[in-house]
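The block underneath contains the structure these notes are about, expressed in structure tokens.
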Amino acid sequence: MNIFEHDRFLFVAFEQGAKGYRYCRQIANENDDIHWYSCLENGVTPLDVSTTNPYRYEPRLTVRQRAIAPNHFDRLVNGKMLPPLFNVIEPYYNDIEEYYPLFLKLFIERGGLDIMEGGKYVMYPVHALRSQIRAKFPNAMIQEIIPDDIDKVVEHYLNTTAKFPAYLRLTDFRPDYLTPYAKKLEENKNATIRDLFNGTNSEYKAHVNNEIVKQVQLRKDEVSKI
């Protein structure tokens, strides 16, 4: 079987800042056929967004982004992460097609296929367009978040995503060479997403706004053709 054609992939597609991870937690809580990545790091249940271990009274922030955005989570299965997709991993490859054999190998080894064969959807929050997802996962379920209030999305982005660490370890998933993007991050492993933009805060806000407006319009255009 071609795993990429499996119908138990669930992609929730949205722009950064559109509160997609909160939505993912909600639908995982409401639907028994969606696998939840249950662990102390993510929250044992989908609605558990605590960032402190209630049993040890200490932080549980292996998922670093949760210190800034408690709804965030990683695709952890038995302590290992299911391999990333789309914008998370693409900047690290000269040709993303090089990556998919590794994705396939690790997805199977880390239990992704077992979850799907058990009847549950494997949920991926992504920032890709429907057409990009369909090109690789033709039978996947896709849900999209298309916001009405761009200003709210931009403000949420600036208060969360912009403060996320830009350097992602991804040691299991990266190739043995450095793209220009990866090299830049190796030189400053403490950089935030905001730090990658060379400009004032007002220029950065305008840049974020323009990018989100563009992506939301592309998403709307695709929906209008369905």
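In the structure tokens, chains take letters A, B, ... by order of appearance, with residues numbered from 1 within each chain and ligands from 1 in the order shown.
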
**OP:** Based on DSSP run over this structure's backbone, return all residues of range 42-161 of chain A in helix (DSSP H, G or I), as a ChimeraX atom specification.
**Re:** /A:64-67,86-88,90-92,96-98,100-109,112-117,130-136,150-159,161

Can I get the selection written as a short mmCIF file (atom, residue, chain, number, x, y, z; two decimals), in the first residue's frame, with N, CA and C atoms?
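Printed below is selection.cif as written:
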data_model
loop_
_atom_site.label_atom_id
_atom_site.label_comp_id
_atom_site.auth_asym_id
_atom_site.auth_seq_id
_atom_site.Cartn_x
_atom_site.Cartn_y
_atom_site.Cartn_z
N ARG A 64 8.86 23.45 23.28
CA ARG A 64 9.29 24.80 23.68
C ARG A 64 8.26 25.88 23.38
N GLN A 65 7.54 25.73 22.28
CA GLN A 65 6.57 26.75 21.88
C GLN A 65 5.45 26.92 22.89
N ARG A 66 5.22 25.90 23.72
CA ARG A 66 4.10 25.96 24.65
C ARG A 66 4.32 26.99 25.76
N ALA A 67 5.55 27.40 25.99
CA ALA A 67 5.81 28.45 26.96
C ALA A 67 5.19 29.77 26.51
N PHE A 86 5.76 19.87 5.00
CA PHE A 86 5.53 21.18 4.38
C PHE A 86 6.47 22.25 4.93
N ASN A 87 5.96 23.40 5.36
CA ASN A 87 6.84 24.53 5.64
C ASN A 87 7.82 24.27 6.78
N VAL A 88 7.52 23.31 7.64
CA VAL A 88 8.42 23.03 8.77
C VAL A 88 9.74 22.45 8.29
N GLU A 90 10.60 21.90 4.69
CA GLU A 90 11.02 22.25 3.33
C GLU A 90 12.25 23.15 3.26
N PRO A 91 12.41 24.15 4.15
CA PRO A 91 13.59 25.02 4.05
C PRO A 91 14.91 24.31 4.28
N TYR A 92 14.87 23.08 4.78
CA TYR A 92 16.10 22.36 5.10
C TYR A 92 16.57 21.45 3.95
N ILE A 96 12.67 18.87 -1.83
CA ILE A 96 11.90 18.20 -0.79
C ILE A 96 11.60 16.75 -1.13
N GLU A 97 11.68 16.37 -2.39
CA GLU A 97 11.45 14.97 -2.76
C GLU A 97 12.50 14.05 -2.13
N GLU A 98 13.67 14.60 -1.80
CA GLU A 98 14.70 13.81 -1.12
C GLU A 98 14.21 13.33 0.25
N TYR A 100 11.02 12.51 1.36
CA TYR A 100 9.86 11.64 1.56
C TYR A 100 10.19 10.18 1.87
N PRO A 101 11.27 9.60 1.34
CA PRO A 101 11.61 8.24 1.79
C PRO A 101 11.90 8.18 3.29
N LEU A 102 12.55 9.21 3.83
CA LEU A 102 12.82 9.26 5.26
C LEU A 102 11.51 9.47 6.03
N PHE A 103 10.66 10.35 5.51
CA PHE A 103 9.34 10.54 6.14
C PHE A 103 8.61 9.21 6.25
N LEU A 104 8.57 8.48 5.15
CA LEU A 104 7.87 7.20 5.12
C LEU A 104 8.44 6.23 6.16
N LYS A 105 9.76 6.11 6.19
CA LYS A 105 10.42 5.19 7.10
C LYS A 105 10.10 5.54 8.56
N LEU A 106 10.25 6.81 8.93
CA LEU A 106 10.05 7.20 10.32
C LEU A 106 8.58 7.22 10.70
N PHE A 107 7.71 7.55 9.76
CA PHE A 107 6.28 7.54 10.05
C PHE A 107 5.82 6.14 10.44
N ILE A 108 6.34 5.15 9.72
CA ILE A 108 5.99 3.76 10.03
C ILE A 108 6.64 3.31 11.34
N GLU A 109 7.95 3.57 11.47
CA GLU A 109 8.69 3.12 12.65
C GLU A 109 8.13 3.71 13.94
N GLY A 112 2.89 5.80 13.24
CA GLY A 112 1.85 6.53 12.52
C GLY A 112 0.92 5.61 11.75
N LEU A 113 1.50 4.65 11.04
CA LEU A 113 0.67 3.72 10.26
C LEU A 113 -0.18 2.86 11.18
N ASP A 114 0.37 2.43 12.30
CA ASP A 114 -0.39 1.62 13.25
C ASP A 114 -1.63 2.38 13.73
N ILE A 115 -1.48 3.67 13.99
CA ILE A 115 -2.62 4.48 14.43
C ILE A 115 -3.70 4.51 13.35
N MET A 116 -3.29 4.72 12.11
CA MET A 116 -4.26 4.79 11.02
C MET A 116 -4.92 3.44 10.77
N GLU A 117 -4.12 2.39 10.80
CA GLU A 117 -4.68 1.05 10.59
C GLU A 117 -5.61 0.66 11.73
N ARG A 130 -4.51 23.72 0.31
CA ARG A 130 -5.19 22.47 -0.04
C ARG A 130 -4.54 21.79 -1.24
N SER A 131 -4.19 22.57 -2.26
CA SER A 131 -3.59 21.99 -3.47
C SER A 131 -2.25 21.35 -3.17
N GLN A 132 -1.47 21.96 -2.27
CA GLN A 132 -0.17 21.39 -1.89
C GLN A 132 -0.35 20.07 -1.14
N ILE A 133 -1.34 20.02 -0.29
CA ILE A 133 -1.60 18.79 0.46
C ILE A 133 -2.07 17.69 -0.48
N ARG A 134 -3.03 18.01 -1.34
CA ARG A 134 -3.59 17.02 -2.25
C ARG A 134 -2.54 16.44 -3.19
N ALA A 135 -1.55 17.25 -3.56
CA ALA A 135 -0.52 16.79 -4.49
C ALA A 135 0.26 15.61 -3.91
N LYS A 136 0.37 15.54 -2.59
CA LYS A 136 1.14 14.46 -1.96
C LYS A 136 0.25 13.46 -1.23
N ILE A 150 -8.44 39.61 9.78
CA ILE A 150 -6.99 39.48 9.59
C ILE A 150 -6.22 40.19 10.70
N ASP A 151 -6.75 41.32 11.18
CA ASP A 151 -6.05 42.07 12.23
C ASP A 151 -5.83 41.21 13.47
N LYS A 152 -6.85 40.42 13.85
CA LYS A 152 -6.72 39.55 15.02
C LYS A 152 -5.67 38.47 14.79
N VAL A 153 -5.63 37.95 13.57
CA VAL A 153 -4.65 36.92 13.24
C VAL A 153 -3.24 37.51 13.34
N VAL A 154 -3.06 38.70 12.80
CA VAL A 154 -1.75 39.35 12.83
C VAL A 154 -1.31 39.61 14.28
N GLU A 155 -2.22 40.12 15.10
CA GLU A 155 -1.88 40.40 16.49
C GLU A 155 -1.52 39.11 17.23
N HIS A 156 -2.28 38.05 16.97
CA HIS A 156 -1.97 36.78 17.63
C HIS A 156 -0.63 36.25 17.15
N TYR A 157 -0.35 36.40 15.87
CA TYR A 157 0.95 35.98 15.32
C TYR A 157 2.08 36.71 16.03
N LEU A 158 1.95 38.03 16.18
CA LEU A 158 3.02 38.83 16.78
C LEU A 158 3.23 38.46 18.25
N ASN A 159 2.18 37.99 18.91
CA ASN A 159 2.27 37.64 20.32
C ASN A 159 2.66 36.19 20.56
N THR A 161 3.68 33.30 17.43
CA THR A 161 4.61 32.75 16.43
C THR A 161 5.88 33.56 16.31
#

**OP:** Please identify all polymer residues within 12 Å of Met81 in chain A, counting only C-alpha atoms, omitting same-chain residues fewer than 3 positions from it, and present them as JSON, numbers by chain.
**Re:** {"A": [37, 39, 41, 42, 62, 63, 73, 74, 75, 76, 77, 78, 84, 85, 103, 106, 107, 108, 109, 110, 111, 112, 124, 169, 170, 171, 172, 173]}

N, CA and C atoms of the current selection, written as an mmCIF file, in the first residue's frame:
data_model
loop_
_atom_site.group_PDB
_atom_site.id
_atom_site.type_symbol
_atom_site.label_atom_id
_atom_site.label_comp_id
_atom_site.auth_asym_id
_atom_site.auth_seq_id
_atom_site.Cartn_x
_atom_site.Cartn_y
_atom_site.Cartn_z
ATOM 1 N N TYR A 37 -2.242 13.144 20.683
ATOM 2 C CA TYR A 37 -0.850 12.889 21.042
ATOM 3 C C TYR A 37 -0.671 13.060 22.554
ATOM 4 N N CYS A 39 0.459 12.982 26.189
ATOM 5 C CA CYS A 39 1.682 12.878 26.984
ATOM 6 C C CYS A 39 1.731 14.101 27.884
ATOM 7 N N GLU A 41 3.969 16.321 27.965
ATOM 8 C CA GLU A 41 4.464 17.486 27.220
ATOM 9 C C GLU A 41 3.348 18.208 26.470
ATOM 10 N N ASN A 42 2.424 17.451 25.888
ATOM 11 C CA ASN A 42 1.330 18.045 25.120
ATOM 12 C C ASN A 42 0.078 18.287 25.948
ATOM 13 N N THR A 62 8.970 20.453 27.254
ATOM 14 C CA THR A 62 9.797 19.881 26.202
ATOM 15 C C THR A 62 9.391 20.475 24.859
ATOM 16 N N VAL A 63 8.087 20.718 24.680
ATOM 17 C CA VAL A 63 7.574 21.414 23.501
ATOM 18 C C VAL A 63 7.762 22.906 23.770
ATOM 19 N N PHE A 73 1.249 21.952 20.283
ATOM 20 C CA PHE A 73 1.621 20.580 20.638
ATOM 21 C C PHE A 73 2.491 20.001 19.539
ATOM 22 N N ASP A 74 3.212 18.958 19.883
ATOM 23 C CA ASP A 74 4.009 18.218 18.902
ATOM 24 C C ASP A 74 3.373 16.855 18.660
ATOM 25 N N ARG A 75 3.742 16.249 17.549
ATOM 26 C CA ARG A 75 3.156 14.959 17.168
ATOM 27 C C ARG A 75 3.949 13.826 17.833
ATOM 28 N N LEU A 76 3.865 13.768 19.155
ATOM 29 C CA LEU A 76 4.641 12.801 19.925
ATOM 30 C C LEU A 76 3.870 11.495 20.099
ATOM 31 N N VAL A 77 4.518 10.404 19.712
ATOM 32 C CA VAL A 77 3.946 9.067 19.880
ATOM 33 C C VAL A 77 4.998 8.219 20.584
ATOM 34 N N ASN A 78 4.678 7.787 21.789
ATOM 35 C CA ASN A 78 5.632 6.990 22.586
ATOM 36 C C ASN A 78 6.996 7.676 22.702
ATOM 37 N N PRO A 84 7.884 15.770 10.401
ATOM 38 C CA PRO A 84 7.183 16.988 9.992
ATOM 39 C C PRO A 84 6.938 17.029 8.487
ATOM 40 N N LEU A 85 6.116 18.000 8.086
ATOM 41 C CA LEU A 85 5.769 18.157 6.672
ATOM 42 C C LEU A 85 5.703 19.633 6.292
ATOM 43 N N PHE A 103 10.658 10.353 5.510
ATOM 44 C CA PHE A 103 9.337 10.545 6.138
ATOM 45 C C PHE A 103 8.612 9.208 6.248
ATOM 46 N N LEU A 106 10.248 6.806 8.929
ATOM 47 C CA LEU A 106 10.048 7.204 10.315
ATOM 48 C C LEU A 106 8.575 7.222 10.699
ATOM 49 N N PHE A 107 7.714 7.546 9.760
ATOM 50 C CA PHE A 107 6.276 7.545 10.048
ATOM 51 C C PHE A 107 5.818 6.137 10.435
ATOM 52 N N ILE A 108 6.337 5.151 9.723
ATOM 53 C CA ILE A 108 5.988 3.758 10.029
ATOM 54 C C ILE A 108 6.643 3.314 11.335
ATOM 55 N N GLU A 109 7.948 3.570 11.470
ATOM 56 C CA GLU A 109 8.688 3.120 12.653
ATOM 57 C C GLU A 109 8.126 3.711 13.943
ATOM 58 N N ARG A 110 7.622 4.920 13.869
ATOM 59 C CA ARG A 110 7.175 5.612 15.078
ATOM 60 C C ARG A 110 5.681 5.452 15.354
ATOM 61 N N GLY A 111 5.026 4.600 14.570
ATOM 62 C CA GLY A 111 3.664 4.217 14.915
ATOM 63 C C GLY A 111 2.556 4.934 14.186
ATOM 64 N N GLY A 112 2.890 5.803 13.235
ATOM 65 C CA GLY A 112 1.852 6.527 12.521
ATOM 66 C C GLY A 112 0.919 5.613 11.753
ATOM 67 N N TYR A 124 -2.345 16.350 11.490
ATOM 68 C CA TYR A 124 -1.219 17.247 11.236
ATOM 69 C C TYR A 124 -1.733 18.686 11.105
ATOM 70 N N ARG A 169 15.448 21.835 16.174
ATOM 71 C CA ARG A 169 16.487 20.794 16.206
ATOM 72 C C ARG A 169 16.335 19.846 15.012
ATOM 73 N N LEU A 170 15.195 19.218 14.886
ATOM 74 C CA LEU A 170 14.867 18.380 13.721
ATOM 75 C C LEU A 170 16.015 17.449 13.330
ATOM 76 N N THR A 171 16.790 17.026 14.315
ATOM 77 C CA THR A 171 17.988 16.249 13.993
ATOM 78 C C THR A 171 17.667 14.927 13.307
ATOM 79 N N ASP A 172 16.504 14.364 13.578
ATOM 80 C CA ASP A 172 16.136 13.087 12.966
ATOM 81 C C ASP A 172 15.687 13.247 11.518
ATOM 82 N N PHE A 173 15.399 14.470 11.114
ATOM 83 C CA PHE A 173 14.709 14.681 9.847
ATOM 84 C C PHE A 173 15.509 15.485 8.816
#

Using only C-alpha atoms, which residues sit within 12 Å of Ile142 in chain A once same-chain residues fewer than 6 positions away are excluded, as a tab-separated table (two decimals) with N, CA and C atoms, in the first residue's frame?
chain	number	residue	atom	x	y	z
A	7	ASP	N	-6.27	7.15	3.62
A	7	ASP	CA	-7.36	8.10	3.86
A	7	ASP	C	-7.51	8.48	5.33
A	8	ARG	N	-6.53	8.11	6.17
A	8	ARG	CA	-6.61	8.46	7.58
A	8	ARG	C	-5.62	9.53	8.00
A	9	PHE	N	-5.08	10.25	7.01
A	9	PHE	CA	-4.36	11.48	7.33
A	9	PHE	C	-5.40	12.59	7.49
A	10	LEU	N	-5.26	13.40	8.52
A	10	LEU	CA	-6.11	14.57	8.71
A	10	LEU	C	-5.21	15.80	8.78
A	11	PHE	N	-5.36	16.67	7.80
A	11	PHE	CA	-4.59	17.92	7.79
A	11	PHE	C	-5.51	19.08	8.15
A	12	VAL	N	-5.14	19.82	9.18
A	12	VAL	CA	-5.84	21.05	9.53
A	12	VAL	C	-4.95	22.18	9.04
A	13	ALA	N	-5.41	22.88	8.01
A	13	ALA	CA	-4.59	23.87	7.32
A	13	ALA	C	-5.03	25.28	7.71
A	14	PHE	N	-4.06	26.11	8.05
A	14	PHE	CA	-4.37	27.46	8.51
A	14	PHE	C	-3.11	28.31	8.46
A	121	TYR	N	-7.64	8.83	12.76
A	121	TYR	CA	-6.95	9.81	11.93
A	121	TYR	C	-5.67	10.28	12.63
A	122	VAL	N	-4.61	10.41	11.86
A	122	VAL	CA	-3.39	11.04	12.34
A	122	VAL	C	-3.44	12.50	11.93
A	123	MET	N	-3.48	13.37	12.92
A	123	MET	CA	-3.72	14.79	12.69
A	123	MET	C	-2.42	15.58	12.55
A	124	TYR	N	-2.35	16.35	11.49
A	124	TYR	CA	-1.22	17.25	11.24
A	124	TYR	C	-1.73	18.69	11.11
A	125	PRO	N	-1.40	19.57	12.04
A	125	PRO	CA	-1.63	21.00	11.79
A	125	PRO	C	-0.58	21.48	10.78
A	126	VAL	N	-1.00	22.13	9.72
A	126	VAL	CA	-0.06	22.55	8.67
A	126	VAL	C	-0.40	23.95	8.18
A	127	HIS	N	0.57	24.58	7.54
A	127	HIS	CA	0.38	25.91	6.97
A	127	HIS	C	0.45	25.84	5.44
A	128	ALA	N	0.03	24.72	4.91
A	128	ALA	CA	0.05	24.51	3.45
A	128	ALA	C	-1.34	24.75	2.87
A	129	LEU	N	-1.37	24.99	1.56
A	129	LEU	CA	-2.64	25.13	0.86
A	129	LEU	C	-3.21	23.76	0.53
A	130	ARG	N	-4.51	23.72	0.31
A	130	ARG	CA	-5.19	22.47	-0.04
A	130	ARG	C	-4.54	21.79	-1.24
A	131	SER	N	-4.19	22.57	-2.26
A	131	SER	CA	-3.59	21.99	-3.47
A	131	SER	C	-2.25	21.35	-3.17
A	132	GLN	N	-1.47	21.96	-2.27
A	132	GLN	CA	-0.17	21.39	-1.89
A	132	GLN	C	-0.35	20.07	-1.14
A	133	ILE	N	-1.34	20.02	-0.29
A	133	ILE	CA	-1.60	18.79	0.46
A	133	ILE	C	-2.07	17.69	-0.48
A	134	ARG	N	-3.03	18.01	-1.34
A	134	ARG	CA	-3.59	17.02	-2.25
A	134	ARG	C	-2.54	16.44	-3.19
A	223	VAL	N	-10.81	27.45	-2.43
A	223	VAL	CA	-12.12	27.00	-1.96
A	223	VAL	C	-13.20	27.35	-2.98

Subject >> Residue nearest Pro175 in chain A among A:Gln217, A:Asn201, A:Asn188, A:Asn94 (counting only C-alpha atoms) >> reply: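 Ranking A:Gln217, A:Asn201, A:Asn188, A:Asn94 by distance to Pro175 in chain A, first place goes to A:Asn94.
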
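Between CA of Gly118 in chain A and CA of Phe137 in chain A the separation is 19.0 Å.
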
Original post:
If you measure from CA of Ala166 in chain A to CA of Val208 in chain A, what distance in Å do you get, rounded to one decimal?
Top reply: 15.5 Å

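If you measure from each of A:Gly119, A:Asn139, A:Ala18, A:Lys183 to Asp33 in chain A using only C-alpha atoms, the closest one turns out to be A:Gly119.
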
Original post:
From the list A:Gly20, A:Ile68, A:Lys120, A:Thr51, which residue is nearest Asp32 in chain A when using only C-alpha atoms?
Top reply: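 So, comparing all the options, the nearest one is A:Lys120.
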
**OP:** Find the residues around range 193-197 of chain A up to 12 Å (only C-alpha atoms counted), leave out those fewer than 5 positions away in its own chain, and share them as a ChimeraX atom specification.
**Re:** /A:16,65,157-168,181-182,184-185,187-188,202-208

Original post:
Which is closest to Glu144 in chain A among A:Val216, A:Leu40, A:Leu82, A:Ala191, if we use only C-alpha atoms?
Top reply: A:Val216

Original post:
If you measure from CA of Pro70 in chain A to CA of Asn29 in chain A, what distance in Å do you get, rounded to one decimal?
Top reply: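 Interatomic distance, CA of Pro70 in chain A to CA of Asn29 in chain A: 16.0 Å.
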
**OP:** Identify, with DSSP run on backbone atoms, the residues in chain A assigned to strand (DSSP E), and express the list as an MDAnalysis selection string.
**Re:** chainID A and resid 9:13 52:53 58:59 76:77 80:81 122:126 141:144

Subject >> Distance criterion (only C-alpha atoms): nearest to Pro147 in chain A out of A:Gln215, A:His6, A:Tyr99, A:Asn210 >> reply: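 Of A:Gln215, A:His6, A:Tyr99, A:Asn210, the one nearest Pro147 in chain A is A:Gln215, counting only C-alpha atoms.
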
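Compared by their closest atoms to Asn71 in chain A, and using only C-alpha atoms, the residues A:Cys24, A:Val44, A:Ile89, A:Ile226 rank with A:Cys24 nearest.
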